[in-house]
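Next up, run20.cif (mmCIF, C-alpha atoms):
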```
data_protein
#
loop_
_atom_site.label_atom_id
_atom_site.label_comp_id
_atom_site.auth_asym_id
_atom_site.auth_seq_id
_atom_site.Cartn_x
_atom_site.Cartn_y
_atom_site.Cartn_z
CA ALA A 1 0.00 0.00 0.00
CA GLN A 2 1.09 3.53 -0.67
CA SER A 3 1.90 5.82 2.22
CA VAL A 4 3.46 9.25 2.59
CA SER A 5 5.39 10.56 5.58
CA GLN A 6 6.13 14.19 6.25
CA HIS A 7 8.68 14.58 9.00
CA ASN A 8 7.93 18.07 10.23
CA HIS A 9 4.48 18.90 11.46
CA HIS A 10 5.21 22.50 12.40
CA VAL A 11 8.02 24.71 11.15
CA ILE A 12 8.64 28.29 12.24
CA LEU A 13 11.06 30.45 10.29
CA SER A 14 12.03 34.07 9.97
CA GLU A 15 11.79 35.80 6.64
CA ALA A 16 14.77 35.14 4.33
CA ALA A 17 15.55 31.83 6.04
CA SER A 18 15.93 28.75 3.89
CA LEU A 19 13.29 26.05 3.93
CA GLU A 20 13.44 22.32 3.48
CA LEU A 21 10.44 20.09 4.14
CA GLY A 22 10.92 16.37 4.15
CA CYS A 23 8.71 13.86 2.37
CA ASN A 24 9.20 10.11 2.11
CA TYR A 25 6.90 7.70 0.40
CA SER A 26 6.37 4.01 0.49
CA TYR A 27 5.64 2.44 -2.85
CA GLY A 28 7.74 0.10 -4.92
CA GLY A 29 6.68 0.98 -8.42
CA THR A 30 6.75 4.02 -10.63
CA VAL A 31 5.38 7.03 -8.81
CA ASN A 32 4.13 10.49 -9.54
CA LEU A 33 4.92 12.98 -6.80
CA PHE A 34 3.31 16.27 -5.89
CA TRP A 35 3.57 19.13 -3.44
CA TYR A 36 0.41 21.06 -2.73
CA VAL A 37 -0.02 24.21 -0.66
CA GLN A 38 -3.03 25.35 1.31
CA TYR A 39 -3.10 29.01 2.32
CA PRO A 40 -5.27 29.89 5.30
CA GLY A 41 -8.94 29.51 4.46
CA GLN A 42 -8.31 28.28 0.94
CA HIS A 43 -8.33 25.00 -0.91
CA LEU A 44 -5.27 23.11 -2.08
CA GLN A 45 -3.19 24.39 -4.96
CA LEU A 46 -0.43 22.60 -6.83
CA LEU A 47 3.10 23.84 -6.14
CA LEU A 48 4.99 21.39 -8.30
CA LYS A 49 4.96 17.85 -9.59
CA TYR A 50 7.34 15.13 -10.70
CA PHE A 51 6.40 12.51 -13.26
CA SER A 52 9.72 11.63 -14.91
CA GLY A 53 12.94 13.15 -16.22
CA ASP A 54 15.06 15.67 -14.34
CA PRO A 55 14.73 14.81 -10.65
CA LEU A 56 15.05 18.46 -9.68
CA VAL A 57 11.74 20.13 -10.41
CA LYS A 58 10.88 23.76 -10.12
CA GLY A 59 7.46 25.02 -9.16
CA ILE A 60 5.70 28.26 -8.57
CA LYS A 61 6.81 31.02 -6.18
CA GLY A 62 10.45 29.92 -6.11
CA PHE A 63 9.84 26.44 -4.72
CA GLU A 64 11.72 23.40 -5.94
CA ALA A 65 11.84 19.74 -5.01
CA GLU A 66 14.29 16.94 -5.57
CA PHE A 67 13.27 13.36 -6.24
CA ILE A 68 15.79 10.87 -4.86
CA LYS A 69 14.61 7.45 -5.93
CA SER A 70 17.08 5.52 -3.77
CA LYS A 71 15.80 7.30 -0.67
CA PHE A 72 12.13 7.30 -1.66
CA SER A 73 12.18 11.01 -0.95
CA PHE A 74 10.79 14.16 -2.53
CA ASN A 75 11.87 17.07 -0.34
CA LEU A 76 10.60 20.59 -0.90
CA ARG A 77 12.99 23.54 -0.75
CA LYS A 78 12.99 27.29 -1.01
CA PRO A 79 16.17 29.35 -0.57
CA SER A 80 14.51 32.36 1.05
CA VAL A 81 11.01 32.28 2.49
CA GLN A 82 8.61 35.19 2.73
CA TRP A 83 5.83 35.97 5.16
CA SER A 84 3.37 35.14 2.37
CA ASP A 85 4.64 31.53 2.36
CA THR A 86 2.84 30.94 5.63
CA ALA A 87 0.61 27.99 4.79
CA GLU A 88 0.26 24.25 5.13
CA TYR A 89 2.23 22.09 2.73
CA PHE A 90 1.25 18.61 1.64
CA CYS A 91 3.24 15.96 -0.15
CA ALA A 92 1.23 13.49 -2.24
CA VAL A 93 1.90 10.42 -4.34
CA ASN A 94 0.14 8.16 -6.77
CA GLY A 95 1.63 5.41 -8.79
CA GLY A 96 1.50 2.12 -10.57
CA GLY A 97 -1.26 3.41 -12.82
CA TYR A 98 -3.67 3.55 -9.90
CA ASN A 99 -5.61 6.76 -9.60
CA LYS A 100 -5.30 6.73 -5.84
CA LEU A 101 -3.72 9.99 -4.73
CA ILE A 102 -2.44 9.68 -1.16
CA PHE A 103 -1.39 12.63 0.97
CA GLY A 104 0.97 13.09 3.86
CA ALA A 105 -0.17 14.61 7.13
CA GLY A 106 1.02 18.06 6.13
CA THR A 107 3.54 20.57 7.47
CA ARG A 108 2.30 23.83 8.87
CA LEU A 109 4.79 26.60 8.07
CA ALA A 110 4.74 29.93 9.89
CA VAL A 111 7.04 32.67 8.61
CA HIS A 112 7.64 35.60 10.91
CA PRO A 113 8.55 39.03 9.51
CA ASN B 1 -14.20 28.07 -15.88
CA ALA B 2 -15.66 26.76 -12.61
CA GLY B 3 -13.30 23.78 -12.14
CA VAL B 4 -14.52 21.68 -9.20
CA THR B 5 -17.68 22.84 -7.45
CA GLN B 6 -18.81 21.48 -4.11
CA THR B 7 -22.06 22.07 -2.29
CA PRO B 8 -22.85 22.96 0.40
CA LYS B 9 -19.98 25.03 1.81
CA PHE B 10 -21.13 24.65 5.41
CA GLN B 11 -23.44 22.17 7.10
CA VAL B 12 -24.44 21.33 10.65
CA LEU B 13 -26.06 17.95 11.26
CA LYS B 14 -27.44 16.23 14.29
CA THR B 15 -26.11 12.79 15.13
CA GLY B 16 -27.98 10.20 13.09
CA GLN B 17 -29.06 12.54 10.31
CA SER B 18 -28.14 11.82 6.74
CA MET B 19 -26.89 14.08 4.00
CA THR B 20 -25.25 14.07 0.60
CA LEU B 21 -22.32 16.24 -0.41
CA GLN B 22 -22.38 17.12 -4.07
CA CYS B 23 -19.38 17.56 -6.34
CA ALA B 24 -19.21 18.43 -10.02
CA GLN B 25 -16.29 19.12 -12.33
CA ASP B 26 -16.31 20.68 -15.76
CA MET B 27 -12.84 19.61 -16.93
CA ASN B 28 -13.90 16.28 -18.44
CA HIS B 29 -11.67 14.43 -15.97
CA ASN B 30 -12.00 10.69 -15.55
CA SER B 31 -10.83 10.51 -11.92
CA MET B 32 -12.61 12.00 -8.95
CA TYR B 33 -11.89 11.83 -5.23
CA TRP B 34 -13.36 12.58 -1.84
CA TYR B 35 -11.05 13.48 1.04
CA ARG B 36 -11.54 14.56 4.59
CA GLN B 37 -9.12 16.97 6.25
CA ASP B 38 -8.57 16.87 9.99
CA PRO B 39 -5.96 18.79 11.99
CA GLY B 40 -2.64 16.96 12.14
CA MET B 41 -3.83 14.19 9.85
CA GLY B 42 -3.60 15.78 6.45
CA LEU B 43 -6.01 14.71 3.75
CA ARG B 44 -7.27 11.19 3.99
CA LEU B 45 -8.86 9.54 1.00
CA ILE B 46 -12.40 8.36 1.61
CA TYR B 47 -13.38 7.06 -1.83
CA TYR B 48 -12.20 7.57 -5.34
CA SER B 49 -13.51 6.89 -8.81
CA ALA B 50 -11.08 6.17 -11.61
CA SER B 51 -13.76 6.48 -14.26
CA GLU B 52 -17.48 6.77 -14.72
CA GLY B 53 -19.18 3.72 -13.32
CA THR B 54 -16.36 2.67 -10.98
CA THR B 55 -15.70 3.51 -7.34
CA ASP B 56 -13.10 2.24 -4.88
CA LYS B 57 -12.50 2.57 -1.18
CA GLY B 58 -9.74 4.79 0.05
CA GLU B 59 -8.10 4.96 3.47
CA VAL B 60 -11.17 5.81 5.58
CA PRO B 61 -14.37 4.63 3.83
CA ASN B 62 -16.38 3.50 6.87
CA GLY B 63 -19.59 5.46 7.38
CA TYR B 64 -19.64 6.82 3.83
CA ASN B 65 -21.06 5.86 0.46
CA VAL B 66 -20.43 7.38 -2.94
CA SER B 67 -22.09 7.56 -6.31
CA ARG B 68 -20.43 8.41 -9.59
CA LEU B 69 -23.58 9.63 -11.23
CA ASN B 70 -21.91 10.47 -14.52
CA LYS B 71 -18.53 11.71 -15.64
CA ARG B 72 -19.11 15.14 -14.13
CA GLU B 73 -20.60 14.31 -10.75
CA PHE B 74 -19.37 12.37 -7.72
CA SER B 75 -21.44 12.53 -4.56
CA LEU B 76 -20.60 11.52 -1.00
CA ARG B 77 -23.34 10.33 1.34
CA LEU B 78 -23.36 10.07 5.10
CA GLU B 79 -26.20 7.72 6.00
CA SER B 80 -26.11 8.26 9.75
CA ALA B 81 -23.83 11.09 10.75
CA ALA B 82 -21.59 10.74 13.80
CA PRO B 83 -19.56 13.40 15.65
CA SER B 84 -16.38 11.66 14.41
CA GLN B 85 -17.37 12.74 10.91
CA THR B 86 -17.00 16.40 11.81
CA SER B 87 -14.39 17.51 9.32
CA VAL B 88 -13.67 19.52 6.21
CA TYR B 89 -14.45 17.54 3.08
CA PHE B 90 -12.74 18.15 -0.24
CA CYS B 91 -13.67 16.84 -3.63
CA ALA B 92 -11.02 16.68 -6.33
CA SER B 93 -10.67 15.56 -9.91
CA SER B 94 -7.78 14.67 -12.17
CA GLU B 95 -7.06 13.29 -15.59
CA GLY B 96 -5.66 9.87 -14.82
CA VAL B 97 -2.68 10.09 -12.49
CA GLY B 98 -2.05 13.74 -13.28
CA ARG B 99 -2.42 16.74 -11.03
CA ALA B 100 -5.60 17.02 -9.00
CA PHE B 101 -7.84 20.06 -8.88
CA PHE B 102 -9.68 20.69 -5.65
CA GLY B 103 -13.01 22.18 -4.73
CA GLN B 104 -13.38 24.84 -2.06
CA GLY B 105 -14.36 22.36 0.63
CA THR B 106 -17.39 21.62 2.80
CA ARG B 107 -17.12 22.29 6.51
CA LEU B 108 -19.33 19.73 8.24
CA THR B 109 -20.15 19.75 11.94
CA VAL B 110 -22.04 16.88 13.53
CA VAL B 111 -23.48 17.66 16.94
#
```
Can the structure in the file be given as structure tokens, please?
Amino acid sequence: AQSVSQHNHHVILSEAASLELGCNYSYGGTVNLFWYVQYPGQHLQLLLKYFSGDPLVKGIKGFEAEFIKSKFSFNLRKPSVQWSDTAEYFCAVNGGGYNKLIFGAGTRLAVHP
Amino acid sequence: NAGVTQTPKFQVLKTGQSMTLQCAQDMNHNSMYWYRQDPGMGLRLIYYSASEGTTDKGEVPNGYNVSRLNKREFSLRLESAAPSQTSVYFCASSEGVGRAFFGQGTRLTVV
């Protein structure tokens, strides 16, 4: 069965700090990987996705993520966060041709000015 | 372009009451999903439908039923609501295993 683990439940940073959020998945086959963001009071929006090719993917708002197949990881990074990045971030995976999109528990990021 | 539309946005039920959450998408997607979001638990998949006419259980299906009425619509029914079903419910759709588009959510309280 697929599962997704996000290591940090709450992260607090100051503006301009660097961000890295961990995501590990459990699934043996070919996977598609996603990071979604949920700003306060809003629904989920796609930040970036990985299907194949270059394991370093770039998304919106300066976010990027690196797929490391050997570690079953897909960590999200941003070199310099802004107050407007305050949100909850979710890693998600589907794979093996199954349309079963599974999410991690989420990481709540608070950025202080 | 409406995307994914959920109704209602808010609902309060008494324990034991039933209700149906409606979801419709206008992107001609084959796959549709129902999730519940609870603090500290992320989004948990209740049911999904890979195509019209098919539905499958997700991670937390107990207490729920679904109907894929047609390609556009995927409804979620609570036959006998319980306080443990107090949550925010999201419907989503996608084309196969591609990115999912989410509705605005339904905040359900069961008292």
task: Considering only C-alpha atoms, extract the chain B residues located within 10 Å of chain A and return them as a PyMOL selection string.
output: chain B and resi 30-33+35+37-45+47-51+56-59+90+92+94-105
Could you write those residues out with C-alpha atoms, as a PDB file, in the coordinates of the input?
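Dumped to out.pdb:
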```
ATOM      1  CA  ASN B  30     -12.000  10.690 -15.550  1.00  0.00           C
ATOM      2  CA  SER B  31     -10.830  10.510 -11.920  1.00  0.00           C
ATOM      3  CA  MET B  32     -12.610  12.000  -8.950  1.00  0.00           C
ATOM      4  CA  TYR B  33     -11.890  11.830  -5.230  1.00  0.00           C
ATOM      5  CA  TYR B  35     -11.050  13.480   1.040  1.00  0.00           C
ATOM      6  CA  GLN B  37      -9.120  16.970   6.250  1.00  0.00           C
ATOM      7  CA  ASP B  38      -8.570  16.870   9.990  1.00  0.00           C
ATOM      8  CA  PRO B  39      -5.960  18.790  11.990  1.00  0.00           C
ATOM      9  CA  GLY B  40      -2.640  16.960  12.140  1.00  0.00           C
ATOM     10  CA  MET B  41      -3.830  14.190   9.850  1.00  0.00           C
ATOM     11  CA  GLY B  42      -3.600  15.780   6.450  1.00  0.00           C
ATOM     12  CA  LEU B  43      -6.010  14.710   3.750  1.00  0.00           C
ATOM     13  CA  ARG B  44      -7.270  11.190   3.990  1.00  0.00           C
ATOM     14  CA  LEU B  45      -8.860   9.540   1.000  1.00  0.00           C
ATOM     15  CA  TYR B  47     -13.380   7.060  -1.830  1.00  0.00           C
ATOM     16  CA  TYR B  48     -12.200   7.570  -5.340  1.00  0.00           C
ATOM     17  CA  SER B  49     -13.510   6.890  -8.810  1.00  0.00           C
ATOM     18  CA  ALA B  50     -11.080   6.170 -11.610  1.00  0.00           C
ATOM     19  CA  SER B  51     -13.760   6.480 -14.260  1.00  0.00           C
ATOM     20  CA  ASP B  56     -13.100   2.240  -4.880  1.00  0.00           C
ATOM     21  CA  LYS B  57     -12.500   2.570  -1.180  1.00  0.00           C
ATOM     22  CA  GLY B  58      -9.740   4.790   0.050  1.00  0.00           C
ATOM     23  CA  GLU B  59      -8.100   4.960   3.470  1.00  0.00           C
ATOM     24  CA  PHE B  90     -12.740  18.150  -0.240  1.00  0.00           C
ATOM     25  CA  ALA B  92     -11.020  16.680  -6.330  1.00  0.00           C
ATOM     26  CA  SER B  94      -7.780  14.670 -12.170  1.00  0.00           C
ATOM     27  CA  GLU B  95      -7.060  13.290 -15.590  1.00  0.00           C
ATOM     28  CA  GLY B  96      -5.660   9.870 -14.820  1.00  0.00           C
ATOM     29  CA  VAL B  97      -2.680  10.090 -12.490  1.00  0.00           C
ATOM     30  CA  GLY B  98      -2.050  13.740 -13.280  1.00  0.00           C
ATOM     31  CA  ARG B  99      -2.420  16.740 -11.030  1.00  0.00           C
ATOM     32  CA  ALA B 100      -5.600  17.020  -9.000  1.00  0.00           C
ATOM     33  CA  PHE B 101      -7.840  20.060  -8.880  1.00  0.00           C
ATOM     34  CA  PHE B 102      -9.680  20.690  -5.650  1.00  0.00           C
ATOM     35  CA  GLY B 103     -13.010  22.180  -4.730  1.00  0.00           C
ATOM     36  CA  GLN B 104     -13.380  24.840  -2.060  1.00  0.00           C
ATOM     37  CA  GLY B 105     -14.360  22.360   0.630  1.00  0.00           C
TER      38      GLY B 105
END
```
task: Apply the PyMOL selection byres ((chain A and resi 87) around 7) to the displayed file and report the matching residues as a PyMOL selection string.
output: chain A and resi 37-40+85-86+88-89+108-110
Kindly save the residues from that selection, with C-alpha atoms included, as a PDB file, in the coordinates of the input.
```
ATOM      1  CA  VAL A  37      -0.020  24.210  -0.660  1.00  0.00           C
ATOM      2  CA  GLN A  38      -3.030  25.350   1.310  1.00  0.00           C
ATOM      3  CA  TYR A  39      -3.100  29.010   2.320  1.00  0.00           C
ATOM      4  CA  PRO A  40      -5.270  29.890   5.300  1.00  0.00           C
ATOM      5  CA  ASP A  85       4.640  31.530   2.360  1.00  0.00           C
ATOM      6  CA  THR A  86       2.840  30.940   5.630  1.00  0.00           C
ATOM      7  CA  GLU A  88       0.260  24.250   5.130  1.00  0.00           C
ATOM      8  CA  TYR A  89       2.230  22.090   2.730  1.00  0.00           C
ATOM      9  CA  ARG A 108       2.300  23.830   8.870  1.00  0.00           C
ATOM     10  CA  LEU A 109       4.790  26.600   8.070  1.00  0.00           C
ATOM     11  CA  ALA A 110       4.740  29.930   9.890  1.00  0.00           C
TER      12      ALA A 110
END
```
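For Arg72 in chain B, the set of protein, DNA and RNA residues having any atom at most 7 Å away, when counting only C-alpha atoms and skipping those fewer than 4 positions along the same chain, is Ala24, Gln25, Asp26 and Asn28 of chain B.
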message: To test your reading of the syntax: which residues would the PyMOL selection byres ((chain A and resi 57) around 12) return for the file shown? Reply as a PyMOL selection string.
response: chain A and resi 33-35+47-56+58-60+62-68+74-78
task: Find the residues with any atom within 9 Å of (8.7, 4.2, -4.5); use all atoms listed in the file and the coordinates as given in the file, and write the answer as a ChimeraX atom specification.
output: /A:2,24-31,69-73,95
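When all atoms listed in the file are used to measure the gap to Thr20 in chain B, the shortest distance among B:Ala2, B:Ile46, B:Val110, B:Leu76 belongs to B:Leu76.
The space separating CA of Ser84 in chain B from CA of Gln17 in chain B comes to 13.4 Å.
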- line: Students should find that CA of Val111 in chain B and CA of Gly16 in chain B are spaced 9.5 Å
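For the file shown, the residue list from the PyMOL selection byres ((chain B and resi 11) around 6) reads B:Phe10, B:Val12, B:Leu108.
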statement: Pairwise distance, CA of Ser14 in chain A with CA of Ser84 in chain A, equals 11.6 Å
task: Would you list the contacts of Asn65 in chain B as a PyMOL selection string, taking every protein, DNA or RNA residue within 9 Å and counting all atoms listed in the file, but skipping same-chain residues closer than 4 positions in sequence?
output: chain B and resi 47+61+75-79
Kindly provide, as lines of an AutoDock Vina configuration file, the centre and edge lengths (Å, one decimal) of an axis-aligned box around all atoms of range 103-110 of chain A given in the file, with 3 Å on each side.
```
center_x = 1.7
center_y = 21.3
center_z = 5.4
size_x = 12.2
size_y = 23.3
size_z = 14.9
```
task: Using all atoms listed in the file, pick whichever of B:Lys9, B:Thr15, B:Gly3, B:Arg36 has the shortest atom-to-atom distance to Ser80 in chain B.
output: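 Of B:Lys9, B:Thr15, B:Gly3, B:Arg36, the one nearest Ser80 in chain B is B:Thr15, counting all atoms listed in the file.
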task: Considering all atoms listed in the file, state which residue in the set B:Met19, B:Leu13, B:Arg107, B:Cys91 is at the smallest distance from Glu73 in chain B.
output: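 Of B:Met19, B:Leu13, B:Arg107, B:Cys91, the one nearest Glu73 in chain B, counting all atoms listed in the file, is B:Cys91.
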Can range 30-65 of chain B be brought up to N, CA and C atoms and written out as a PDB file, in the frame of the given file?
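Output saved as out_31.pdb:
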```
ATOM      1  N   ASN B  30     -11.509  12.033 -15.845  1.00  0.00           N
ATOM      2  CA  ASN B  30     -12.000  10.690 -15.550  1.00  0.00           C
ATOM      3  C   ASN B  30     -12.014  10.401 -14.051  1.00  0.00           C
ATOM      4  N   SER B  31     -10.991  10.880 -13.334  1.00  0.00           N
ATOM      5  CA  SER B  31     -10.830  10.510 -11.920  1.00  0.00           C
ATOM      6  C   SER B  31     -11.407  11.563 -11.002  1.00  0.00           C
ATOM      7  N   MET B  32     -12.090  11.092  -9.981  1.00  0.00           N
ATOM      8  CA  MET B  32     -12.610  12.000  -8.950  1.00  0.00           C
ATOM      9  C   MET B  32     -12.386  11.384  -7.581  1.00  0.00           C
ATOM     10  N   TYR B  33     -12.274  12.252  -6.574  1.00  0.00           N
ATOM     11  CA  TYR B  33     -11.890  11.830  -5.230  1.00  0.00           C
ATOM     12  C   TYR B  33     -12.701  12.569  -4.172  1.00  0.00           C
ATOM     13  N   TRP B  34     -12.866  11.926  -3.043  1.00  0.00           N
ATOM     14  CA  TRP B  34     -13.360  12.580  -1.840  1.00  0.00           C
ATOM     15  C   TRP B  34     -12.350  12.378  -0.724  1.00  0.00           C
ATOM     16  N   TYR B  35     -11.967  13.500  -0.101  1.00  0.00           N
ATOM     17  CA  TYR B  35     -11.050  13.480   1.040  1.00  0.00           C
ATOM     18  C   TYR B  35     -11.723  14.154   2.233  1.00  0.00           C
ATOM     19  N   ARG B  36     -11.217  13.787   3.402  1.00  0.00           N
ATOM     20  CA  ARG B  36     -11.540  14.560   4.590  1.00  0.00           C
ATOM     21  C   ARG B  36     -10.237  15.104   5.170  1.00  0.00           C
ATOM     22  N   GLN B  37     -10.300  16.324   5.684  1.00  0.00           N
ATOM     23  CA  GLN B  37      -9.120  16.970   6.250  1.00  0.00           C
ATOM     24  C   GLN B  37      -9.359  17.240   7.719  1.00  0.00           C
ATOM     25  N   ASP B  38      -8.503  16.680   8.549  1.00  0.00           N
ATOM     26  CA  ASP B  38      -8.570  16.870   9.990  1.00  0.00           C
ATOM     27  C   ASP B  38      -7.228  17.371  10.485  1.00  0.00           C
ATOM     28  N   PRO B  39      -7.222  18.214  11.502  1.00  0.00           N
ATOM     29  CA  PRO B  39      -5.960  18.790  11.990  1.00  0.00           C
ATOM     30  C   PRO B  39      -4.937  17.707  12.342  1.00  0.00           C
ATOM     31  N   GLY B  40      -3.732  17.887  11.832  1.00  0.00           N
ATOM     32  CA  GLY B  40      -2.640  16.960  12.140  1.00  0.00           C
ATOM     33  C   GLY B  40      -2.682  15.648  11.383  1.00  0.00           C
ATOM     34  N   MET B  41      -3.710  15.461  10.555  1.00  0.00           N
ATOM     35  CA  MET B  41      -3.830  14.190   9.850  1.00  0.00           C
ATOM     36  C   MET B  41      -3.800  14.356   8.344  1.00  0.00           C
ATOM     37  N   GLY B  42      -3.666  15.556   7.871  1.00  0.00           N
ATOM     38  CA  GLY B  42      -3.600  15.780   6.450  1.00  0.00           C
ATOM     39  C   GLY B  42      -4.916  15.466   5.761  1.00  0.00           C
ATOM     40  N   LEU B  43      -4.836  15.119   4.513  1.00  0.00           N
ATOM     41  CA  LEU B  43      -6.010  14.710   3.750  1.00  0.00           C
ATOM     42  C   LEU B  43      -6.033  13.199   3.676  1.00  0.00           C
ATOM     43  N   ARG B  44      -7.130  12.636   4.063  1.00  0.00           N
ATOM     44  CA  ARG B  44      -7.270  11.190   3.990  1.00  0.00           C
ATOM     45  C   ARG B  44      -8.336  10.851   2.959  1.00  0.00           C
ATOM     46  N   LEU B  45      -7.995   9.909   2.104  1.00  0.00           N
ATOM     47  CA  LEU B  45      -8.860   9.540   1.000  1.00  0.00           C
ATOM     48  C   LEU B  45     -10.013   8.684   1.493  1.00  0.00           C
ATOM     49  N   ILE B  46     -11.225   9.108   1.191  1.00  0.00           N
ATOM     50  CA  ILE B  46     -12.400   8.360   1.610  1.00  0.00           C
ATOM     51  C   ILE B  46     -12.780   7.358   0.519  1.00  0.00           C
ATOM     52  N   TYR B  47     -13.063   7.861  -0.655  1.00  0.00           N
ATOM     53  CA  TYR B  47     -13.380   7.060  -1.830  1.00  0.00           C
ATOM     54  C   TYR B  47     -12.798   7.758  -3.047  1.00  0.00           C
ATOM     55  N   TYR B  48     -12.575   6.990  -4.071  1.00  0.00           N
ATOM     56  CA  TYR B  48     -12.200   7.570  -5.340  1.00  0.00           C
ATOM     57  C   TYR B  48     -12.870   6.804  -6.471  1.00  0.00           C
ATOM     58  N   SER B  49     -12.892   7.468  -7.621  1.00  0.00           N
ATOM     59  CA  SER B  49     -13.510   6.890  -8.810  1.00  0.00           C
ATOM     60  C   SER B  49     -12.564   7.128  -9.977  1.00  0.00           C
ATOM     61  N   ALA B  50     -12.050   6.041 -10.521  1.00  0.00           N
ATOM     62  CA  ALA B  50     -11.080   6.170 -11.610  1.00  0.00           C
ATOM     63  C   ALA B  50     -11.755   6.509 -12.934  1.00  0.00           C
ATOM     64  N   SER B  51     -13.031   6.168 -13.030  1.00  0.00           N
ATOM     65  CA  SER B  51     -13.760   6.480 -14.260  1.00  0.00           C
ATOM     66  C   SER B  51     -15.249   6.361 -13.967  1.00  0.00           C
ATOM     67  N   GLU B  52     -16.027   6.857 -14.877  1.00  0.00           N
ATOM     68  CA  GLU B  52     -17.480   6.770 -14.720  1.00  0.00           C
ATOM     69  C   GLU B  52     -17.878   5.315 -14.539  1.00  0.00           C
ATOM     70  N   GLY B  53     -18.706   5.070 -13.545  1.00  0.00           N
ATOM     71  CA  GLY B  53     -19.180   3.720 -13.320  1.00  0.00           C
ATOM     72  C   GLY B  53     -18.350   2.892 -12.368  1.00  0.00           C
ATOM     73  N   THR B  54     -17.215   3.410 -11.921  1.00  0.00           N
ATOM     74  CA  THR B  54     -16.360   2.670 -10.980  1.00  0.00           C
ATOM     75  C   THR B  54     -16.097   3.506  -9.741  1.00  0.00           C
ATOM     76  N   THR B  55     -16.090   2.845  -8.584  1.00  0.00           N
ATOM     77  CA  THR B  55     -15.700   3.510  -7.340  1.00  0.00           C
ATOM     78  C   THR B  55     -14.872   2.536  -6.519  1.00  0.00           C
ATOM     79  N   ASP B  56     -13.954   3.070  -5.722  1.00  0.00           N
ATOM     80  CA  ASP B  56     -13.100   2.240  -4.880  1.00  0.00           C
ATOM     81  C   ASP B  56     -12.905   2.895  -3.530  1.00  0.00           C
ATOM     82  N   LYS B  57     -12.731   2.062  -2.522  1.00  0.00           N
ATOM     83  CA  LYS B  57     -12.500   2.570  -1.180  1.00  0.00           C
ATOM     84  C   LYS B  57     -11.107   3.158  -1.063  1.00  0.00           C
ATOM     85  N   GLY B  58     -11.029   4.195  -0.274  1.00  0.00           N
ATOM     86  CA  GLY B  58      -9.740   4.790   0.050  1.00  0.00           C
ATOM     87  C   GLY B  58      -9.273   4.352   1.417  1.00  0.00           C
ATOM     88  N   GLU B  59      -8.685   5.281   2.160  1.00  0.00           N
ATOM     89  CA  GLU B  59      -8.100   4.960   3.470  1.00  0.00           C
ATOM     90  C   GLU B  59      -9.150   4.894   4.583  1.00  0.00           C
ATOM     91  N   VAL B  60     -10.198   5.710   4.484  1.00  0.00           N
ATOM     92  CA  VAL B  60     -11.170   5.810   5.580  1.00  0.00           C
ATOM     93  C   VAL B  60     -12.602   5.774   5.050  1.00  0.00           C
ATOM     94  N   PRO B  61     -13.052   4.670   4.461  1.00  0.00           N
ATOM     95  CA  PRO B  61     -14.370   4.630   3.830  1.00  0.00           C
ATOM     96  C   PRO B  61     -15.551   4.381   4.785  1.00  0.00           C
ATOM     97  N   ASN B  62     -15.268   3.910   5.990  1.00  0.00           N
ATOM     98  CA  ASN B  62     -16.380   3.500   6.870  1.00  0.00           C
ATOM     99  C   ASN B  62     -17.287   4.670   7.219  1.00  0.00           C
ATOM    100  N   GLY B  63     -18.605   4.431   7.067  1.00  0.00           N
ATOM    101  CA  GLY B  63     -19.590   5.460   7.380  1.00  0.00           C
ATOM    102  C   GLY B  63     -19.978   6.305   6.188  1.00  0.00           C
ATOM    103  N   TYR B  64     -19.385   6.025   5.039  1.00  0.00           N
ATOM    104  CA  TYR B  64     -19.640   6.820   3.830  1.00  0.00           C
ATOM    105  C   TYR B  64     -20.035   5.909   2.659  1.00  0.00           C
ATOM    106  N   ASN B  65     -20.805   6.490   1.751  1.00  0.00           N
ATOM    107  CA  ASN B  65     -21.060   5.860   0.460  1.00  0.00           C
ATOM    108  C   ASN B  65     -20.886   6.904  -0.628  1.00  0.00           C
TER     109      ASN B  65
END
```
